[in-house]
file start09.pdb (PDB, C-alpha atoms)
MODEL        1
ATOM      1  CA  MET A 616       0.000   0.000   0.000
ATOM      2  CA  VAL A 617       1.347   3.384  -0.995
ATOM      3  CA  VAL A 618       0.366   6.458   0.993
ATOM      4  CA  LEU A 619       0.778   9.746  -0.804
ATOM      5  CA  PRO A 620       1.408  12.865   1.213
ATOM      6  CA  LYS A 621      -1.359  15.445   1.364
ATOM      7  CA  THR A 622      -0.624  18.452  -0.774
ATOM      8  CA  GLY A 623      -3.071  20.801   0.923
ATOM      9  CA  PRO A 624      -6.644  21.112   2.040
ATOM     10  CA  GLU A 625      -9.419  19.266   0.248
ATOM     11  CA  PRO A 626     -10.813  21.277  -2.632
ATOM     12  CA  ILE A 627     -14.092  23.065  -2.050
ATOM     13  CA  LEU A 628     -16.603  21.988  -4.629
ATOM     14  CA  ALA A 629     -18.581  24.985  -5.873
ATOM     15  CA  PRO A 630     -22.228  24.523  -6.797
ATOM     16  CA  PHE A 631     -21.786  24.452 -10.580
ATOM     17  CA  ASN A 632     -23.184  22.110 -13.179
ATOM     18  CA  ILE A 633     -21.155  20.284 -15.804
ATOM     19  CA  ASP A 634     -21.349  23.325 -18.133
ATOM     20  CA  GLY A 635     -19.820  25.585 -15.483
ATOM     21  CA  GLU A 636     -23.106  27.362 -14.734
ATOM     22  CA  ALA A 637     -24.024  28.111 -11.137
ATOM     23  CA  ILE A 638     -26.629  25.750  -9.694
ATOM     24  CA  MET A 639     -29.438  27.803  -8.273
ATOM     25  CA  THR A 640     -31.727  26.664  -5.480
ATOM     26  CA  ILE A 641     -35.297  27.830  -5.027
ATOM     27  CA  ALA A 642     -35.450  30.934  -2.844
ATOM     28  CA  ASN A 643     -37.309  34.240  -2.802
ATOM     29  CA  ASP A 644     -36.988  36.177  -6.078
ATOM     30  CA  THR A 645     -36.214  33.104  -8.172
ATOM     31  CA  VAL A 646     -38.325  31.968 -11.106
ATOM     32  CA  VAL A 647     -39.196  28.287 -10.831
ATOM     33  CA  GLN A 648     -40.300  26.251 -13.808
ATOM     34  CA  LEU A 649     -41.917  22.917 -12.909
ATOM     35  CA  HIS A 650     -44.299  20.126 -13.776
ATOM     36  CA  TYR A 651     -46.776  18.954 -11.169
ATOM     37  CA  SER A 652     -49.625  16.543 -10.641
ATOM     38  CA  LEU A 653     -52.187  17.316  -7.938
ATOM     39  CA  PHE A 654     -54.145  14.534  -6.185
ATOM     40  CA  ASP A 655     -56.856  14.512  -3.510
ATOM     41  CA  GLU A 656     -56.966  12.340  -0.371
ATOM     42  CA  GLN A 657     -58.218   9.351  -2.388
ATOM     43  CA  ASP A 658     -55.293   9.670  -4.846
ATOM     44  CA  GLN A 659     -57.647  10.910  -7.568
ATOM     45  CA  LEU A 660     -55.884  13.171 -10.060
ATOM     46  CA  ILE A 661     -57.272  16.724  -9.895
ATOM     47  CA  GLU A 662     -54.973  18.398 -12.422
ATOM     48  CA  SER A 663     -51.575  17.935 -14.004
ATOM     49  CA  THR A 664     -49.016  19.633 -16.214
ATOM     50  CA  ASN A 665     -47.423  16.229 -16.802
ATOM     51  CA  LYS A 666     -45.169  16.423 -19.839
ATOM     52  CA  ASP A 667     -46.056  12.820 -20.818
ATOM     53  CA  ALA A 668     -49.680  13.911 -21.274
ATOM     54  CA  GLY A 669     -48.697  16.908 -23.424
ATOM     55  CA  GLY A 670     -48.764  19.437 -20.590
ATOM     56  CA  GLU A 671     -46.410  22.392 -20.384
ATOM     57  CA  ALA A 672     -44.348  23.336 -17.362
ATOM     58  CA  ILE A 673     -45.585  26.317 -15.390
ATOM     59  CA  ALA A 674     -43.338  29.107 -14.112
ATOM     60  CA  TYR A 675     -43.864  31.187 -10.988
ATOM     61  CA  LEU A 676     -41.984  33.831  -9.026
ATOM     62  CA  HIS A 677     -41.089  32.267  -5.670
ATOM     63  CA  GLY A 678     -41.825  34.196  -2.489
ATOM     64  CA  HIS A 679     -44.464  36.524  -3.937
ATOM     65  CA  GLY A 680     -47.640  34.605  -3.085
ATOM     66  CA  ASN A 681     -48.087  33.118  -6.563
ATOM     67  CA  MET A 682     -48.405  29.585  -5.157
ATOM     68  CA  ILE A 683     -49.997  28.415  -1.916
ATOM     69  CA  ALA A 684     -47.677  29.013   1.034
ATOM     70  CA  GLY A 685     -47.300  25.330   1.978
ATOM     71  CA  PHE A 686     -46.210  24.510  -1.574
ATOM     72  CA  GLU A 687     -43.584  27.275  -1.604
ATOM     73  CA  GLN A 688     -42.230  26.160   1.771
ATOM     74  CA  ALA A 689     -41.933  22.567   0.557
ATOM     75  CA  VAL A 690     -39.938  23.403  -2.600
ATOM     76  CA  ALA A 691     -37.686  26.062  -1.026
ATOM     77  CA  GLY A 692     -34.043  24.988  -1.235
ATOM     78  CA  LYS A 693     -34.669  22.499  -4.069
ATOM     79  CA  GLU A 694     -32.946  22.723  -7.463
ATOM     80  CA  ALA A 695     -33.568  21.803 -11.091
ATOM     81  CA  GLY A 696     -33.792  18.057 -11.661
ATOM     82  CA  GLU A 697     -35.226  17.243  -8.239
ATOM     83  CA  HIS A 698     -38.518  15.420  -7.665
ATOM     84  CA  VAL A 699     -40.565  16.448  -4.626
ATOM     85  CA  SER A 700     -43.610  14.744  -3.082
ATOM     86  CA  ILE A 701     -45.665  17.174  -1.024
ATOM     87  CA  ILE A 702     -48.673  16.518   1.219
ATOM     88  CA  LEU A 703     -50.505  19.628   2.414
ATOM     89  CA  THR A 704     -53.227  19.637   5.051
ATOM     90  CA  PRO A 705     -56.102  22.110   4.594
ATOM     91  CA  ASP A 706     -54.468  24.674   6.906
ATOM     92  CA  GLN A 707     -51.327  24.566   4.698
ATOM     93  CA  ALA A 708     -53.334  24.837   1.479
ATOM     94  CA  TYR A 709     -56.751  26.480   0.977
ATOM     95  CA  GLY A 710     -58.006  26.388   4.577
ATOM     96  CA  GLU A 711     -60.890  24.543   6.155
ATOM     97  CA  HIS A 712     -64.273  24.554   4.432
ATOM     98  CA  GLN A 713     -66.468  27.264   5.996
ATOM     99  CA  ALA A 714     -70.149  26.192   5.890
ATOM    100  CA  GLU A 715     -71.332  29.792   6.342
ATOM    101  CA  ALA A 716     -69.394  31.071   3.297
ATOM    102  CA  VAL A 717     -72.457  31.311   1.035
ATOM    103  CA  ALA A 718     -73.433  34.545  -0.691
ATOM    104  CA  ARG A 719     -76.352  35.563  -2.911
ATOM    105  CA  VAL A 720     -75.316  37.291  -6.141
ATOM    106  CA  PRO A 721     -77.147  38.394  -9.274
ATOM    107  CA  VAL A 722     -76.866  35.755 -12.022
ATOM    108  CA  LYS A 723     -75.761  38.474 -14.459
ATOM    109  CA  HIS A 724     -72.531  38.839 -12.438
ATOM    110  CA  LEU A 725     -71.540  35.163 -12.854
ATOM    111  CA  GLN A 726     -68.835  34.608 -15.465
ATOM    112  CA  GLY A 727     -67.907  31.378 -17.244
ATOM    113  CA  ALA A 728     -71.168  30.015 -18.706
ATOM    114  CA  LYS A 729     -74.645  31.068 -19.813
ATOM    115  CA  ASN A 730     -76.815  28.353 -18.218
ATOM    116  CA  TRP A 731     -75.948  27.702 -14.581
ATOM    117  CA  LYS A 732     -76.548  24.510 -12.594
ATOM    118  CA  LYS A 733     -75.766  23.438  -9.042
ATOM    119  CA  GLY A 734     -72.097  22.412  -8.665
ATOM    120  CA  MET A 735     -70.779  24.496 -11.574
ATOM    121  CA  VAL A 736     -67.819  26.801 -10.980
ATOM    122  CA  ALA A 737     -68.155  30.497 -11.823
ATOM    123  CA  TRP A 738     -66.049  33.625 -11.477
ATOM    124  CA  VAL A 739     -67.298  36.809  -9.852
ATOM    125  CA  GLU A 740     -65.651  40.244  -9.786
ATOM    126  CA  THR A 741     -65.343  41.499  -6.199
ATOM    127  CA  GLU A 742     -63.629  44.403  -4.451
ATOM    128  CA  GLN A 743     -60.706  41.989  -3.808
ATOM    129  CA  GLY A 744     -60.492  40.963  -7.483
ATOM    130  CA  THR A 745     -61.858  37.951  -9.367
ATOM    131  CA  ARG A 746     -63.068  35.136  -7.096
ATOM    132  CA  GLN A 747     -63.872  31.555  -7.997
ATOM    133  CA  VAL A 748     -67.217  30.378  -6.576
ATOM    134  CA  THR A 749     -69.336  27.218  -6.772
ATOM    135  CA  ILE A 750     -73.046  27.404  -7.574
ATOM    136  CA  VAL A 751     -75.155  26.097  -4.672
ATOM    137  CA  LYS A 752     -78.598  27.111  -5.934
ATOM    138  CA  VAL A 753     -79.631  29.117  -8.961
ATOM    139  CA  GLY A 754     -82.815  31.006  -9.681
ATOM    140  CA  ARG A 755     -83.905  33.193 -12.559
ATOM    141  CA  PHE A 756     -82.186  36.345 -11.318
ATOM    142  CA  MET A 757     -80.160  35.374  -8.225
ATOM    143  CA  ALA A 758     -77.763  32.561  -7.338
ATOM    144  CA  ASP A 759     -76.461  31.290  -4.031
ATOM    145  CA  VAL A 760     -72.727  30.642  -4.330
ATOM    146  CA  ASP A 761     -70.198  28.945  -2.088
ATOM    147  CA  THR A 762     -67.242  31.324  -1.764
ATOM    148  CA  ASN A 763     -64.869  28.679  -0.369
ATOM    149  CA  HIS A 764     -62.068  27.683  -2.706
ATOM    150  CA  PRO A 765     -63.123  24.388  -4.380
ATOM    151  CA  LEU A 766     -60.174  22.642  -2.656
ATOM    152  CA  ALA A 767     -60.886  24.093   0.817
ATOM    153  CA  GLY A 768     -61.018  21.414   3.497
ATOM    154  CA  LYS A 769     -59.032  18.932   1.428
ATOM    155  CA  THR A 770     -55.629  17.370   2.047
ATOM    156  CA  LEU A 771     -53.677  17.733  -1.188
ATOM    157  CA  LYS A 772     -50.808  15.683  -2.594
ATOM    158  CA  PHE A 773     -48.445  17.176  -5.177
ATOM    159  CA  GLU A 774     -45.876  15.263  -7.217
ATOM    160  CA  VAL A 775     -43.455  17.909  -8.504
ATOM    161  CA  ASP A 776     -40.557  17.815 -10.955
ATOM    162  CA  ILE A 777     -38.387  20.944 -10.847
ATOM    163  CA  VAL A 778     -37.391  21.796 -14.428
ATOM    164  CA  ALA A 779     -35.408  25.021 -13.988
ATOM    165  CA  VAL A 780     -34.549  27.684 -11.434
ATOM    166  CA  ARG A 781     -33.191  31.108 -12.334
ATOM    167  CA  ALA A 782     -32.817  34.540 -10.802
ATOM    168  CA  ALA A 783     -35.842  36.758 -11.430
ATOM    169  CA  THR A 784     -35.408  39.938 -13.449
ATOM    170  CA  ALA A 785     -36.065  43.318 -11.869
ATOM    171  CA  GLU A 786     -39.175  43.610 -14.038
ATOM    172  CA  GLU A 787     -40.529  40.250 -12.819
ATOM    173  CA  ILE A 788     -39.974  41.286  -9.203
ATOM    174  CA  ALA A 789     -41.685  44.644  -9.830
ATOM    175  CA  HIS A 790     -44.626  42.922 -11.552
ATOM    176  CA  LYS A 791     -44.700  40.150  -8.890
ATOM    177  CA  HIS A 792     -44.911  37.317 -11.445
ATOM    178  CA  ALA A 793     -42.721  35.304 -13.816
ATOM    179  CA  HIS A 794     -42.477  36.268 -17.492
ATOM    180  CA  GLY A 795     -41.685  34.053 -20.466
ATOM    181  CA  ALA A 796     -42.314  30.368 -21.057
ATOM    182  CA  GLY A 797     -44.791  28.998 -18.520
ATOM    183  CA  GLY A 798     -45.254  32.409 -16.905
ATOM    184  CA  HIS A 799     -47.221  35.585 -17.626
ATOM    185  CA  GLN A 800     -47.195  36.820 -21.217
ATOM    186  CA  HIS A 801     -47.484  40.578 -21.703
TER     187      HIS A 801
ENDMDL
END

call {"tool": "encode", "arguments": {"input": "start09.pdb", "output": "structure tokens"}}
result
Amino acid sequence: MVVLPKTGPEPILAPFNIDGEAIMTIANDTVVQLHYSLFDEQDQLIESTNKDAGGEAIAYLHGHGNMIAGFEQAVAGKEAGEHVSIILTPDQAYGEHQAEAVARVPVKHLQGAKNWKKGMVAWVETEQGTRQVTIVKVGRFMADVDTNHPLAGKTLKFEVDIVAVRAATAEEIAHKHAHGAGGHQH
């Protein structure tokens, strides 16, 4: 056995990829591009951007409230190429379902369809912006709508594949959303 003398301290490996580019982790003011599949408590698929099904990756500006807080916390510190499984309880996602969150609105203010039926999802302009509501009961002129988010009260499971992470531009930070592929198009 031959023992070679040490020639100095161990080299510090910098976080660079094979092309010499810095590896970026998800943090505030980074743009994250990802694919995800969302499942309910019974493992039923709710929605997906799965690339195998022809979906496109989404992009969001991390740390600016563009995703639910529990999701952002779960992917913080991750980098491109990682897969993350996330389970969020209602308090980490859209909150508990509030039985008293029913409002009566004029049918003419419902957006998304012409003929409304119980269980359909509509959009309503409010003082806080556009809100998604679920039709509870509909009459000729008025509708009772559930103002809870449709996923309120549900435990959610996300399967996430991080595609890319990059520093946000000053314009993206000012606008509070990602631009370009998978993000907001101006």

call {"tool": "atom_distance", "arguments": {"input": "start09.pdb", "atom1": "CA of Ile638 (chain A)", "atom2": "CA of Tyr675 (chain A)"}}
result
18.1 Å

call {"tool": "resolve_selection", "arguments": {"input": "start09.pdb", "expression": "the PyMOL selection byres ((chain A and resi 754-759) around 8)", "output": "list in words"}}
result
Val717, Ala718, Arg719, Val720, Pro721, Val722, Lys723, Ile750, Val751, Lys752, Val753, Val760 and Asp761 of chain A

call {"tool": "closest_residue", "arguments": {"input": "start09.pdb", "among": "A:Ser700, A:Gln707, A:Thr645, A:Gln688", "to": "Val775 (chain A)", "atoms": "only C-alpha atoms"}}
result
A:Ser700

call {"tool": "closest_residue", "arguments": {"input": "start09.pdb", "among": "A:Phe686, A:Phe773, A:Tyr709, A:Trp738", "to": "Asp655 (chain A)", "atoms": "all atoms listed in the file"}}
result
A:Phe773

call {"tool": "closest_residue", "arguments": {"input": "start09.pdb", "among": "A:Ile788, A:Ala642, A:Val748, A:Ile701", "to": "Ala767 (chain A)", "atoms": "all atoms listed in the file"}}
result
A:Val748

call {"tool": "resolve_selection", "arguments": {"input": "start09.pdb", "expression": "the PyMOL selection byres ((chain A and resi 691) around 10)", "output": "list in words"}}
result
Thr640, Ile641, Ala642, Asn643, His677, Gly678, Phe686, Glu687, Gln688, Ala689, Val690, Gly692, Lys693 and Glu694 of chain A

call {"tool": "residues_around", "arguments": {"input": "start09.pdb", "residues": "Thr770 (chain A)", "least_positions_apart": "2", "cutoff": "8 Å", "atoms": "all atoms listed in the file", "output": "PDB file with C-alpha atoms, in the frame of the given file"}}
result
ATOM      1  CA  ASP A 655     -56.856  14.512  -3.510  1.00  0.00           C
ATOM      2  CA  GLU A 656     -56.966  12.340  -0.371  1.00  0.00           C
ATOM      3  CA  ILE A 702     -48.673  16.518   1.219  1.00  0.00           C
ATOM      4  CA  LEU A 703     -50.505  19.628   2.414  1.00  0.00           C
ATOM      5  CA  THR A 704     -53.227  19.637   5.051  1.00  0.00           C
ATOM      6  CA  PRO A 705     -56.102  22.110   4.594  1.00  0.00           C
ATOM      7  CA  ALA A 708     -53.334  24.837   1.479  1.00  0.00           C
ATOM      8  CA  GLY A 768     -61.018  21.414   3.497  1.00  0.00           C
ATOM      9  CA  LYS A 772     -50.808  15.683  -2.594  1.00  0.00           C
TER      10      LYS A 772
END

call {"tool": "closest_residue", "arguments": {"input": "start09.pdb", "among": "A:Thr762, A:Thr664, A:Asn681, A:Gln743", "to": "Val647 (chain A)", "atoms": "all atoms listed in the file"}}
result
A:Asn681

call {"tool": "closest_residue", "arguments": {"input": "start09.pdb", "among": "A:Ile683, A:Ala672, A:Ala789, A:Leu660", "to": "Gln648 (chain A)", "atoms": "only C-alpha atoms"}}
result
A:Ala672

call {"tool": "atom_distance", "arguments": {"input": "start09.pdb", "atom1": "CA of Ala684 (chain A)", "atom2": "CA of Asp644 (chain A)"}}
result
14.7 Å

call {"tool": "atom_distance", "arguments": {"input": "start09.pdb", "atom1": "CA of Tyr651 (chain A)", "atom2": "CA of His679 (chain A)"}}
result
19.1 Å

call {"tool": "closest_residue", "arguments": {"input": "start09.pdb", "among": "A:His794, A:His764, A:Lys666, A:Lys733", "to": "Ser652 (chain A)", "atoms": "only C-alpha atoms"}}
result
A:Lys666

call {"tool": "resolve_selection", "arguments": {"input": "start09.pdb", "expression": "the PyMOL selection byres ((chain A and resi 727) around 7)", "output": "PDB file with C-alpha atoms, in the coordinates of the input"}}
result
ATOM      1  CA  LEU A 725     -71.540  35.163 -12.854  1.00  0.00           C
ATOM      2  CA  GLN A 726     -68.835  34.608 -15.465  1.00  0.00           C
ATOM      3  CA  ALA A 728     -71.168  30.015 -18.706  1.00  0.00           C
ATOM      4  CA  ALA A 737     -68.155  30.497 -11.823  1.00  0.00           C
ATOM      5  CA  TRP A 738     -66.049  33.625 -11.477  1.00  0.00           C
TER       6      TRP A 738
END

call {"tool": "axis_aligned_box", "arguments": {"input": "start09.pdb", "around": "region 756-768 of chain A", "padding_each_side": "3 Å", "output": "AutoDock Vina command-line options"}}
result
--center_x -71.2 --center_y 28.9 --center_z -3.9 --size_x 28.0 --size_y 20.9 --size_z 20.8
